[in-house]
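Coordinates from final_0.tsv are shown below (TSV, C-alpha atoms and all ligand atoms).
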chain	number	residue	atom	x	y	z
A	1	MET	CA	117.71	109.11	254.00
A	2	ILE	CA	116.53	105.97	255.77
A	3	VAL	CA	113.43	106.06	257.98
A	4	ILE	CA	111.98	103.73	260.60
A	5	ASP	CA	108.55	104.82	261.83
A	6	GLY	CA	107.26	103.38	265.11
A	7	HIS	CA	103.51	103.93	264.85
A	8	CYS	CA	100.70	104.18	262.31
A	9	ASP	CA	97.04	103.23	262.15
A	10	ALA	CA	96.78	102.27	258.47
A	11	LEU	CA	95.39	98.87	259.49
A	12	LEU	CA	92.46	100.53	261.25
A	13	LYS	CA	91.48	102.37	258.07
A	14	MET	CA	91.96	99.24	255.96
A	15	TYR	CA	89.88	97.20	258.39
A	16	GLU	CA	87.06	99.75	258.33
A	17	ASP	CA	87.20	100.13	254.54
A	18	PRO	CA	88.49	96.99	252.78
A	19	SER	CA	88.52	98.82	249.42
A	20	LEU	CA	91.57	100.91	250.47
A	21	ASP	CA	94.63	99.80	248.52
A	22	PHE	CA	97.97	99.96	250.34
A	23	PHE	CA	99.87	99.51	247.06
A	24	SER	CA	97.98	102.19	245.13
A	25	SER	CA	100.11	105.04	243.79
A	26	GLY	CA	97.06	107.26	243.33
A	27	PRO	CA	94.89	108.85	246.03
A	28	SER	CA	94.32	105.96	248.38
A	29	GLY	CA	92.63	107.37	251.48
A	30	LEU	CA	95.70	106.23	253.44
A	31	ASP	CA	98.57	108.33	254.80
A	32	VAL	CA	100.92	105.34	254.72
A	33	THR	CA	101.13	103.45	251.43
A	34	TYR	CA	103.79	101.31	249.81
A	35	PRO	CA	104.71	103.95	247.19
A	36	ARG	CA	105.12	106.55	249.96
A	37	MET	CA	107.25	104.15	252.00
A	38	CYS	CA	109.48	103.86	248.96
A	39	ARG	CA	109.52	107.62	248.36
A	40	SER	CA	110.65	108.36	251.95
A	41	ASN	CA	112.81	105.23	252.06
A	42	ILE	CA	110.88	103.97	255.09
A	43	LYS	CA	112.68	100.70	255.73
A	44	VAL	CA	110.45	99.63	258.61
A	45	GLN	CA	106.94	100.79	259.39
A	46	PHE	CA	105.20	99.66	262.57
A	47	PHE	CA	101.51	98.81	261.95
A	48	ALA	CA	99.19	98.84	264.96
A	49	ILE	CA	96.26	96.54	265.54
A	50	TYR	CA	93.94	99.16	267.02
A	51	LEU	CA	90.21	98.53	267.34
A	52	SER	CA	87.93	101.50	266.78
A	53	GLU	CA	86.09	102.82	269.83
A	54	ARG	CA	82.93	101.82	267.91
A	55	ILE	CA	83.66	98.21	268.86
A	56	LYS	CA	82.16	98.09	272.32
A	57	ASN	CA	83.13	94.49	273.11
A	58	PRO	CA	86.59	93.79	271.70
A	59	ARG	CA	87.16	90.08	271.11
A	60	PHE	CA	90.32	88.14	270.34
A	61	ASP	CA	88.73	87.39	266.94
A	62	HIS	CA	89.07	91.05	266.09
A	63	TYR	CA	92.84	90.86	266.60
A	64	LEU	CA	92.96	87.76	264.41
A	65	GLU	CA	91.04	89.62	261.70
A	66	TYR	CA	93.56	92.48	261.82
A	67	ALA	CA	96.54	90.10	261.74
A	68	ASP	CA	94.93	88.24	258.83
A	69	LEU	CA	94.35	91.55	257.01
A	70	PHE	CA	98.00	92.52	257.59
A	71	HIS	CA	99.29	89.22	256.18
A	72	ARG	CA	96.79	89.12	253.26
A	73	THR	CA	97.43	92.70	252.11
A	74	ILE	CA	100.52	94.61	253.31
A	75	ALA	CA	102.74	91.57	253.80
A	76	ALA	CA	101.49	89.65	250.74
A	77	GLY	CA	103.30	89.77	247.43
A	78	GLY	CA	106.91	89.83	248.56
A	79	ARG	CA	107.47	93.59	248.55
A	80	VAL	CA	106.90	94.08	252.30
A	81	ARG	CA	108.41	91.60	254.74
A	82	PRO	CA	106.93	91.11	258.22
A	83	ILE	CA	109.68	91.84	260.75
A	84	LYS	CA	109.67	89.01	263.30
A	85	THR	CA	113.40	88.48	263.82
A	86	ARG	CA	116.75	90.26	263.65
A	87	ARG	CA	117.35	88.37	260.41
A	88	ASP	CA	114.21	89.92	258.88
A	89	LEU	CA	115.41	93.35	259.99
A	90	GLU	CA	118.88	92.87	258.51
A	91	ALA	CA	117.36	91.60	255.25
A	92	VAL	CA	115.23	94.73	254.78
A	93	MET	CA	117.99	97.12	255.88
A	94	ASN	CA	120.37	95.59	253.32
A	95	GLY	CA	117.97	94.74	250.51
A	96	PRO	CA	115.14	96.05	248.34
A	97	GLU	CA	112.21	94.94	250.52
A	98	ARG	CA	110.33	97.15	252.98
A	99	GLY	CA	109.69	95.89	256.51
A	100	ALA	CA	106.44	95.90	258.50
A	101	LEU	CA	106.35	95.31	262.23
A	102	LEU	CA	102.99	94.28	263.66
A	103	THR	CA	102.02	95.84	267.01
A	104	LEU	CA	98.97	95.90	269.26
A	105	GLU	CA	97.55	99.09	270.76
A	106	GLY	CA	95.11	98.23	273.55
A	107	ALA	CA	95.28	94.67	274.94
A	108	ASP	CA	91.65	94.69	276.12
A	109	ALA	CA	90.64	91.48	274.33
A	110	LEU	CA	93.65	89.48	275.56
A	111	GLN	CA	91.91	89.26	278.96
A	112	GLY	CA	95.10	88.00	280.59
A	113	ASN	CA	95.03	84.80	278.53
A	114	PRO	CA	98.63	83.60	277.85
A	115	LEU	CA	97.41	81.44	274.93
A	116	TYR	CA	96.08	84.55	273.19
A	117	LEU	CA	99.33	86.39	273.86
A	118	ARG	CA	101.45	83.53	272.48
A	119	THR	CA	99.18	83.32	269.43
A	120	LEU	CA	99.73	87.01	268.70
A	121	TYR	CA	103.47	86.45	269.05
A	122	GLN	CA	103.27	83.60	266.52
A	123	LEU	CA	101.40	85.93	264.16
A	124	GLY	CA	104.28	88.41	264.37
A	125	VAL	CA	103.23	90.88	267.06
A	126	ARG	CA	106.44	92.21	268.64
A	127	LEU	CA	105.23	95.27	270.56
A	128	ILE	CA	102.14	95.91	272.70
A	129	GLY	CA	100.69	99.04	274.24
A	130	THR	CA	98.70	97.61	277.14
A	131	THR	CA	95.98	100.25	277.04
A	132	TRP	CA	94.57	102.87	274.76
A	133	ASN	CA	93.35	105.98	276.63
A	134	TYR	CA	91.06	104.21	279.12
A	135	ALA	CA	91.16	101.39	281.64
A	136	ASN	CA	91.10	97.68	280.87
A	137	TRP	CA	91.78	94.45	282.83
A	138	ALA	CA	95.52	95.17	282.87
A	139	ALA	CA	96.02	98.89	283.50
A	140	ASP	CA	94.63	102.41	283.33
A	141	GLY	CA	95.13	104.59	280.29
A	142	VAL	CA	96.12	108.22	280.41
A	143	LEU	CA	92.58	109.65	280.23
A	144	GLU	CA	91.02	107.28	282.78
A	145	PRO	CA	89.84	109.55	285.65
A	146	ARG	CA	90.93	106.98	288.28
A	147	GLN	CA	94.59	107.21	287.12
A	148	ALA	CA	95.50	103.86	288.64
A	149	GLY	CA	98.46	101.73	287.56
A	150	PHE	CA	98.73	98.07	286.53
A	151	THR	CA	96.48	95.42	288.10
A	152	ARG	CA	97.91	92.20	289.50
A	153	GLN	CA	96.92	90.48	286.25
A	154	GLY	CA	98.48	93.34	284.31
A	155	LYS	CA	101.79	92.92	286.13
A	156	SER	CA	101.81	89.25	285.27
A	157	PHE	CA	101.15	90.26	281.64
A	158	ILE	CA	104.30	92.45	281.74
A	159	LYS	CA	106.33	89.40	282.80
A	160	GLN	CA	104.80	87.26	280.04
A	161	CYS	CA	105.67	89.88	277.43
A	162	ASN	CA	109.24	90.12	278.82
A	163	GLU	CA	109.63	86.35	278.55
A	164	LEU	CA	108.15	86.05	275.06
A	165	GLY	CA	110.17	88.96	273.67
A	166	ILE	CA	107.31	91.41	273.15
A	167	VAL	CA	108.32	95.05	273.72
A	168	LEU	CA	105.96	97.09	275.91
A	169	ASP	CA	104.77	100.52	274.79
A	170	ALA	CA	103.97	103.15	277.43
A	171	SER	CA	102.53	105.80	275.09
A	172	HIS	CA	98.90	105.67	276.27
A	173	LEU	CA	99.48	104.60	279.88
A	174	SER	CA	98.51	106.65	282.92
A	175	VAL	CA	101.52	108.16	284.71
A	176	ARG	CA	101.11	105.65	287.54
A	177	ALA	CA	100.95	102.75	285.07
A	178	PHE	CA	104.12	104.06	283.41
A	179	TRP	CA	105.97	103.81	286.74
A	180	ASP	CA	104.47	100.38	287.47
A	181	LEU	CA	105.81	99.27	284.11
A	182	ALA	CA	109.22	100.76	284.95
A	183	GLU	CA	109.24	98.78	288.19
A	184	CYS	CA	107.94	95.44	286.84
A	185	SER	CA	109.55	95.16	283.42
A	186	ASN	CA	112.95	93.51	283.26
A	187	LYS	CA	113.39	94.69	279.65
A	188	PRO	CA	113.65	98.23	278.27
A	189	PHE	CA	110.30	99.61	277.12
A	190	VAL	CA	109.34	102.47	274.82
A	191	ALA	CA	106.82	105.22	274.15
A	192	THR	CA	106.19	104.84	270.43
A	193	HIS	CA	104.19	108.03	269.85
A	194	SER	CA	104.48	110.72	272.53
A	195	ASN	CA	106.21	114.09	272.73
A	196	SER	CA	107.47	116.23	275.63
A	197	LYS	CA	104.94	117.53	278.17
A	198	ALA	CA	107.33	120.35	279.18
A	199	VAL	CA	107.11	121.68	275.63
A	200	CYS	CA	103.41	120.96	275.01
A	201	GLY	CA	101.30	120.18	278.07
A	202	HIS	CA	99.07	117.48	276.60
A	203	PRO	CA	98.38	114.46	278.87
A	204	ARG	CA	99.53	112.09	276.09
A	205	ASN	CA	103.02	113.59	276.27
A	206	LEU	CA	105.81	112.50	278.63
A	207	ASP	CA	107.02	114.52	281.59
A	208	ASP	CA	110.75	114.99	282.14
A	209	ASP	CA	111.00	112.22	284.76
A	210	GLN	CA	109.41	109.76	282.32
A	211	ILE	CA	111.75	110.88	279.54
A	212	ARG	CA	114.80	110.52	281.84
A	213	GLU	CA	113.63	107.04	282.85
A	214	LEU	CA	113.23	105.93	279.22
A	215	ILE	CA	116.74	107.25	278.52
A	216	ARG	CA	118.17	105.58	281.63
A	217	ILE	CA	116.79	102.12	280.79
A	218	GLY	CA	117.76	102.22	277.12
A	219	GLY	CA	114.17	102.64	275.93
A	220	ARG	CA	113.01	104.78	273.02
A	221	ILE	CA	110.76	107.83	272.54
A	222	GLY	CA	108.92	108.14	269.24
A	223	LEU	CA	108.32	111.76	268.24
A	224	THR	CA	104.78	112.01	267.00
A	225	PHE	CA	103.18	114.28	264.42
A	226	VAL	CA	99.77	114.56	266.11
A	227	PRO	CA	99.34	118.35	265.84
A	228	TRP	CA	97.88	118.85	269.34
A	229	PHE	CA	100.78	116.87	270.90
A	230	VAL	CA	103.23	119.19	269.13
A	231	ALA	CA	101.72	122.54	270.09
A	232	ALA	CA	98.44	123.76	271.56
A	233	GLN	CA	98.00	125.78	268.39
A	234	GLY	CA	99.80	126.13	265.09
A	235	ALA	CA	101.80	122.89	265.05
A	236	SER	CA	104.70	122.98	262.60
A	237	ILE	CA	107.92	121.16	261.84
A	238	THR	CA	109.70	123.95	263.74
A	239	GLY	CA	107.44	123.20	266.70
A	240	LEU	CA	108.45	119.56	266.55
A	241	LEU	CA	112.12	120.63	266.73
A	242	LYS	CA	111.42	122.20	270.13
A	243	HIS	CA	110.52	118.75	271.45
A	244	ILE	CA	113.74	117.37	270.01
A	245	ASP	CA	115.79	120.20	271.57
A	246	HIS	CA	114.21	119.51	274.94
A	247	ILE	CA	114.70	115.74	274.87
A	248	LEU	CA	118.29	116.24	273.68
A	249	SER	CA	118.85	118.60	276.63
A	250	LEU	CA	117.85	115.72	278.93
A	251	GLY	CA	120.44	113.48	277.27
A	252	GLY	CA	118.08	111.73	274.85
A	253	ALA	CA	120.17	111.59	271.66
A	254	GLY	CA	120.20	107.79	271.75
A	255	ALA	CA	116.50	107.48	272.66
A	256	LEU	CA	114.84	109.74	270.08
A	257	THR	CA	112.96	107.98	267.30
A	258	LEU	CA	109.88	108.56	265.16
A	259	GLY	CA	106.28	107.45	265.73
A	260	SER	CA	104.25	109.50	263.26
A	261	ASP	CA	100.71	108.25	264.08
A	262	PHE	CA	99.87	108.64	260.38
A	263	ASP	CA	96.38	107.31	259.62
A	264	GLY	CA	95.50	107.81	263.28
A	265	ILE	CA	95.04	111.56	262.80
A	266	ASP	CA	92.65	113.74	260.84
A	267	ARG	CA	94.73	116.92	261.05
A	268	TRP	CA	98.36	117.08	260.03
A	269	ILE	CA	101.42	119.24	260.61
A	270	PRO	CA	101.78	121.35	257.44
A	271	GLN	CA	104.41	119.79	255.13
A	272	LEU	CA	104.22	116.54	257.10
A	273	GLU	CA	100.88	115.29	255.86
A	274	HIS	CA	101.64	111.73	254.82
A	275	ALA	CA	104.38	109.12	254.83
A	276	GLY	CA	105.83	110.41	251.56
A	277	GLN	CA	106.97	113.64	253.20
A	278	PHE	CA	109.65	112.56	255.70
A	279	ASP	CA	112.22	114.32	253.50
A	280	ARG	CA	110.82	117.70	254.61
A	281	LEU	CA	111.46	116.80	258.24
A	282	ALA	CA	114.90	115.36	257.43
A	283	LEU	CA	115.86	118.60	255.66
A	284	GLU	CA	115.09	120.67	258.78
A	285	LEU	CA	116.85	118.16	261.03
A	286	TYR	CA	120.05	118.20	258.96
A	287	LYS	CA	120.07	122.01	259.06
A	288	ARG	CA	119.98	122.04	262.84
A	289	TYR	CA	121.67	118.92	264.26
A	290	PRO	CA	124.84	116.88	263.62
A	291	ASP	CA	124.41	114.00	261.15
A	292	ASP	CA	124.70	111.27	263.79
A	293	ILE	CA	121.86	112.77	265.85
A	294	VAL	CA	119.64	113.07	262.77
A	295	GLU	CA	120.35	109.51	261.69
A	296	GLY	CA	119.59	108.32	265.21
A	297	ILE	CA	116.19	109.99	265.09
A	298	LEU	CA	115.31	108.94	261.55
A	299	HIS	CA	116.28	105.27	261.84
A	300	ALA	CA	119.41	104.28	263.77
A	301	ASN	CA	117.90	104.40	267.26
A	302	TRP	CA	114.96	102.19	266.30
A	303	HIS	CA	117.34	99.93	264.41
A	304	SER	CA	119.66	99.41	267.37
A	305	PHE	CA	116.73	98.87	269.74
A	306	LEU	CA	115.12	96.26	267.50
A	307	MET	CA	118.49	94.51	267.04
A	308	GLU	CA	118.63	94.19	270.85
A	309	GLN	CA	115.02	93.16	271.40
A	310	LEU	CA	113.98	90.99	268.45
A	311	PRO	CA	114.67	87.25	268.55
A	312	ALA	CA	117.60	86.07	266.42
A	401	ZN	ZN	97.84	105.85	269.82

Mind turning the file's structure into C-alpha cells?
Ligand SMILES: [Zn+2]
Amino acid sequence: MIVIDGHCDALLKMYEDPSLDFFSSGPSGLDVTYPRMCRSNIKVQFFAIYLSERIKNPRFDHYLEYADLFHRTIAAGGRVRPIKTRRDLEAVMNGPERGALLTLEGADALQGNPLYLRTLYQLGVRLIGTTWNYANWAADGVLEPRQAGFTRQGKSFIKQCNELGIVLDASHLSVRAFWDLAECSNKPFVATHSNSKAVCGHPRNLDDDQIRELIRIGGRIGLTFVPWFVAAQGASITGLLKHIDHILSLGGAGALTLGSDFDGIDRWIPQLEHAGQFDRLALELYKRYPDDIVEGILHANWHSFLMEQLPA
C-alpha cells in the first residue's frame, strides 16, 4: 500500500501547542505523525497553513510563522522532504524519505499582494484554498450567507496562481465561487477535502455538476473522513464507500483521491481515527473495487496530478 493524503491540519495543532512532537512514536496529541506516515506508507502528506478562527486579524507574519514551523520541525532532519518539484516527488516515491507538501487554507492575509504570494511559493506552498468557510478579499466561502463568487482582485489572484504554478483548491468555496474558479482558471483545480452532496447533503460537499466539472477538467476530488461530511449520522468506512460508488458512477475513477482532514477534526470515523489506520480503508477498498481503481484513490491519482502540475 502506498498513500498520498491531500489535507491535514497537523500544523495548526503544532502551532497552537509547540510541545507536540511530530516524530514521537508515543501518544503525541497529533493524528498525523512521522511514525504513522511510515506505518501507512504515506509517501506524501499535504500540510495546510490554516490559522485558527481565534486569530481575528490574520497577518502575513502568521503564514511565515507556519512555514517556519514546517521547515524547522516536519521538514528538518532529512526524514521528510518538502515537495516543491517533480524531482522531489520522484525522489520520495522511489526512496526511503516521506514527502510533505505545504498548502494554504484561507488566503485572507495575502490581501492580493503578489509579493506575498511569490514569497509563499518560494517557501514551498504549492496549493491554495482561497477561502475557509467565510468571505475574504478574494471570494466567498461556503458558509458565507451572501454566497457571492470571486471579486475582481480574487480573479486576478487566480491568474497569478496559474502563472506561478500554485494549484487552487475549491473545497471551502461557495458554489458561485467554484464556478468563477472554473471559468477563470486556465489550469485544472481540485477539491482536496470534500465528499458528494448527493450522498450526504452537507454544504461542504460537492454537487454532481461540480464533481462532473472536476472530472472534465482533469482535477481531483479528495475523499474526506470528516464524519458529518460522510453521513448525517453514524459515519463509517462503509459510508465512505457510498461516496466512492457515486463519484465512480459519474466517471470519476481518475479523479478520486484522499484528503483525510486529520488533525482538523475532533470526531473520527471508527477504525479511521489517525494516519496510521489507512490500511483499514485499503482493505475495504480492495474487497470492493478493481486494483487499479483502489491504487488511483490511495495514491496514483494524486501522483499523476502532481507530476502534471509541479515545476520540473
Ligand atoms: Zn478545511

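If one restricts the calculation to only C-alpha atoms and all ligand atoms, the set of residues situated within 8 Å of ligand ZN 401 (chain A) consists of His7, Glu105, Trp132, Ser171, His172, His193, Asp261 and Gly264 of chain A.
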
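Minimum atom-to-atom distances from A:Ser236, A:Thr257, A:Thr192, A:Gln271 to Asn301 (chain A) were compared using all atoms listed in the file, and the lowest value belongs to A:Thr257.
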
Check which residues of region 91-179 of chain A sit at most 12 Å from region 43-62 of chain A using all atoms listed in the file, and return one row each with the closest pair of atoms and their distance in Å to one decimal, ordered by chain and rising number, as a Markdown table.
| residue | atom | partner | partner_atom | distance |
| --- | --- | --- | --- | --- |
| A:Ala91 | CA | A:Lys43 | CA | 10.2 |
| A:Val92 | CA | A:Lys43 | CA | 6.6 |
| A:Met93 | CA | A:Lys43 | CA | 6.4 |
| A:Asn94 | CA | A:Lys43 | CA | 9.5 |
| A:Gly95 | CA | A:Lys43 | CA | 9.5 |
| A:Pro96 | CA | A:Lys43 | CA | 9.1 |
| A:Glu97 | CA | A:Lys43 | CA | 7.8 |
| A:Arg98 | CA | A:Lys43 | CA | 5.1 |
| A:Gly99 | CA | A:Val44 | CA | 4.4 |
| A:Ala100 | CA | A:Gln45 | CA | 5.0 |
| A:Leu101 | CA | A:Phe46 | CA | 4.5 |
| A:Leu102 | CA | A:Phe47 | CA | 5.1 |
| A:Thr103 | CA | A:Ala48 | CA | 4.6 |
| A:Leu104 | CA | A:Ile49 | CA | 4.6 |
| A:Glu105 | CA | A:Tyr50 | CA | 5.2 |
| A:Gly106 | CA | A:Tyr50 | CA | 6.7 |
| A:Ala107 | CA | A:Tyr50 | CA | 9.2 |
| A:Asp108 | CA | A:Pro58 | CA | 6.8 |
| A:Ala109 | CA | A:Arg59 | CA | 4.9 |
| A:Leu110 | CA | A:Phe60 | CA | 6.3 |
| A:Gln111 | CA | A:Phe60 | CA | 8.8 |
| A:Gly112 | CA | A:Phe60 | CA | 11.3 |
| A:Asn113 | CA | A:Phe60 | CA | 10.0 |
| A:Leu115 | CA | A:Phe60 | CA | 10.8 |
| A:Tyr116 | CA | A:Phe60 | CA | 7.4 |
| A:Leu117 | CA | A:Phe60 | CA | 9.8 |
| A:Thr119 | CA | A:Phe60 | CA | 10.1 |
| A:Leu120 | CA | A:Phe60 | CA | 9.6 |
| A:Leu123 | CA | A:Ile49 | CA | 11.9 |
| A:Gly124 | CA | A:Phe47 | CA | 11.0 |
| A:Val125 | CA | A:Ile49 | CA | 9.1 |
| A:Arg126 | CA | A:Phe46 | CA | 9.7 |
| A:Leu127 | CA | A:Ala48 | CA | 9.0 |
| A:Ile128 | CA | A:Ala48 | CA | 8.8 |
| A:Gly129 | CA | A:Ala48 | CA | 9.4 |
| A:Thr130 | CA | A:Tyr50 | CA | 11.3 |
| A:Thr131 | CA | A:Tyr50 | CA | 10.3 |
| A:Trp132 | CA | A:Tyr50 | CA | 8.6 |
| A:Asn133 | CA | A:Glu53 | CA | 10.4 |
| A:Tyr134 | CA | A:Glu53 | CA | 10.6 |
| A:Asn136 | CA | A:Pro58 | CA | 10.9 |
| A:Asp169 | CA | A:Ala48 | CA | 11.4 |

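Residue nearest Lys84 (chain A), chosen from A:Gly296, A:Gln153, A:Ile265, A:Pro311 and counting only C-alpha atoms: A:Pro311.
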
For this session: Using all atoms listed in the file, determine which residues lie at most 9 Å from Arg212 (chain A), disregarding the query and same-chain residues fewer than 2 positions distant; provide the list as a ChimeraX atom specification.
Result: /A:207-210,214-217,247,250-252

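A straight line drawn from CA of Phe178 (chain A) to CA of Val226 (chain A) is 20.7 Å long.
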
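Candidate residues A:Phe278, A:Trp179, A:Phe23, A:Phe229 were compared for distance to Lys197 (chain A), and the nearest is A:Phe229, using only C-alpha atoms.
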
Exercise. Can you tell me, as a list in words, what residues are no more than 7 Å from Val3 (chain A) when counting all atoms listed in the file, ignoring any on the same chain fewer than 5 positions away?
Worked result: Asn41, Ile42, Lys43, Leu298 and His299 of chain A

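Minimum atom-to-atom distance to Cys184 (chain A), evaluated using only C-alpha atoms, belongs to A:Lys159 out of A:Ser196, A:Pro203, A:Gly254, A:Lys159.
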
For this session: Would you work out the distance separating CA of Ile83 (chain A) from CA of Gln122 (chain A), expressed in Å to one decimal?
Result: 11.9 Å

For this session: Just the residues within 8 Å of Gly218 (chain A), please, counting all atoms listed in the file, with nothing from its chain fewer than 5 positions along; format it as a ChimeraX atom specification.
Result: /A:188-189,255

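With distances taken over all atoms listed in the file, A:Gly276 is the one residue among A:Ala182, A:Trp228, A:Gly276, A:Trp268 lying closest to Ser25 (chain A).
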
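Using all atoms listed in the file, the nearest neighbour of Leu20 (chain A) within the list A:Arg220, A:Leu69, A:Cys8, A:Pro290 is A:Leu69.
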
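CA of Ala191 (chain A) is found 20.1 Å from CA of Ser156 (chain A).
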
Excluding Gly26 (chain A) and any residue of its chain fewer than 5 positions from it, enumerate the residues within 10 Å of it, using only C-alpha atoms, and give them as a short mmCIF file (atom, residue, chain, number, x, y, z; two decimals) with C-alpha atoms, in the coordinates of the input.
data_model
loop_
_atom_site.label_atom_id
_atom_site.label_comp_id
_atom_site.auth_asym_id
_atom_site.auth_seq_id
_atom_site.Cartn_x
_atom_site.Cartn_y
_atom_site.Cartn_z
CA ASP A 21 94.63 99.80 248.52
CA THR A 33 101.13 103.45 251.43
CA PRO A 35 104.71 103.95 247.19
#

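Residues lying within 9 Å of (100.6, 108.7, 253.2). Counted over all atoms listed in the file, they are Ser28, Gly29, Leu30, Asp31, Val32, Thr33, Tyr34, Pro35, Arg36, Met37, Phe262, Asp263, Glu273, His274, Ala275, Gly276 and Gln277 of chain A.
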
Since the input lacks atoms, please generate all heavy atoms for region 223-230 of chain A and provide them as a tab-separated table (two decimals), in the coordinates of the input.
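Listed below is the output, selection39.tsv:
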chain	number	residue	atom	x	y	z
A	223	LEU	N	108.92	110.45	268.48
A	223	LEU	CA	108.32	111.76	268.24
A	223	LEU	C	107.10	111.57	267.36
A	223	LEU	O	107.14	110.85	266.36
A	223	LEU	CB	109.31	112.65	267.49
A	223	LEU	CG	110.52	113.07	268.30
A	223	LEU	CD1	111.64	113.49	267.35
A	223	LEU	CD2	110.14	114.21	269.24
A	224	THR	N	106.01	112.23	267.75
A	224	THR	CA	104.78	112.01	267.00
A	224	THR	C	104.30	113.29	266.36
A	224	THR	O	104.59	114.39	266.83
A	224	THR	CB	103.72	111.35	267.91
A	224	THR	OG1	102.64	110.90	267.10
A	224	THR	CG2	103.22	112.31	268.98
A	225	PHE	N	103.59	113.13	265.24
A	225	PHE	CA	103.18	114.28	264.42
A	225	PHE	C	101.73	114.67	264.68
A	225	PHE	O	101.15	115.44	263.92
A	225	PHE	CB	103.35	113.97	262.92
A	225	PHE	CG	104.72	113.47	262.52
A	225	PHE	CD1	104.90	112.81	261.31
A	225	PHE	CD2	105.83	113.66	263.34
A	225	PHE	CE1	106.15	112.34	260.93
A	225	PHE	CE2	107.09	113.19	262.96
A	225	PHE	CZ	107.24	112.53	261.75
A	226	VAL	N	101.13	114.15	265.74
A	226	VAL	CA	99.77	114.56	266.11
A	226	VAL	C	99.82	116.05	266.45
A	226	VAL	O	100.52	116.44	267.39
A	226	VAL	CB	99.27	113.77	267.35
A	226	VAL	CG1	97.85	114.17	267.71
A	226	VAL	CG2	99.39	112.27	267.11
A	227	PRO	N	99.13	116.91	265.68
A	227	PRO	CA	99.34	118.35	265.84
A	227	PRO	C	99.17	118.83	267.28
A	227	PRO	O	99.96	119.63	267.77
A	227	PRO	CB	98.29	118.98	264.92
A	227	PRO	CG	98.01	117.95	263.89
A	227	PRO	CD	98.16	116.62	264.59
A	228	TRP	N	98.14	118.34	267.99
A	228	TRP	CA	97.88	118.85	269.34
A	228	TRP	C	98.82	118.26	270.38
A	228	TRP	O	98.79	118.64	271.53
A	228	TRP	CB	96.41	118.67	269.73
A	228	TRP	CG	95.80	117.37	269.35
A	228	TRP	CD1	95.65	116.28	270.16
A	228	TRP	CD2	95.25	117.00	268.08
A	228	TRP	NE1	95.06	115.26	269.45
A	228	TRP	CE2	94.81	115.67	268.18
A	228	TRP	CE3	95.13	117.67	266.84
A	228	TRP	CZ2	94.22	115.00	267.10
A	228	TRP	CZ3	94.54	116.99	265.79
A	228	TRP	CH2	94.10	115.68	265.92
A	229	PHE	N	99.70	117.31	270.00
A	229	PHE	CA	100.78	116.87	270.90
A	229	PHE	C	102.07	117.64	270.60
A	229	PHE	O	103.06	117.51	271.31
A	229	PHE	CB	101.09	115.38	270.75
A	229	PHE	CG	99.93	114.44	270.98
A	229	PHE	CD1	100.08	113.09	270.72
A	229	PHE	CD2	98.71	114.87	271.47
A	229	PHE	CE1	99.04	112.18	270.93
A	229	PHE	CE2	97.66	113.98	271.68
A	229	PHE	CZ	97.83	112.64	271.40
A	230	VAL	N	102.05	118.39	269.50
A	230	VAL	CA	103.23	119.19	269.13
A	230	VAL	C	103.12	120.60	269.72
A	230	VAL	O	104.05	121.10	270.34
A	230	VAL	CB	103.39	119.26	267.59
A	230	VAL	CG1	104.54	120.18	267.20
A	230	VAL	CG2	103.61	117.85	267.01
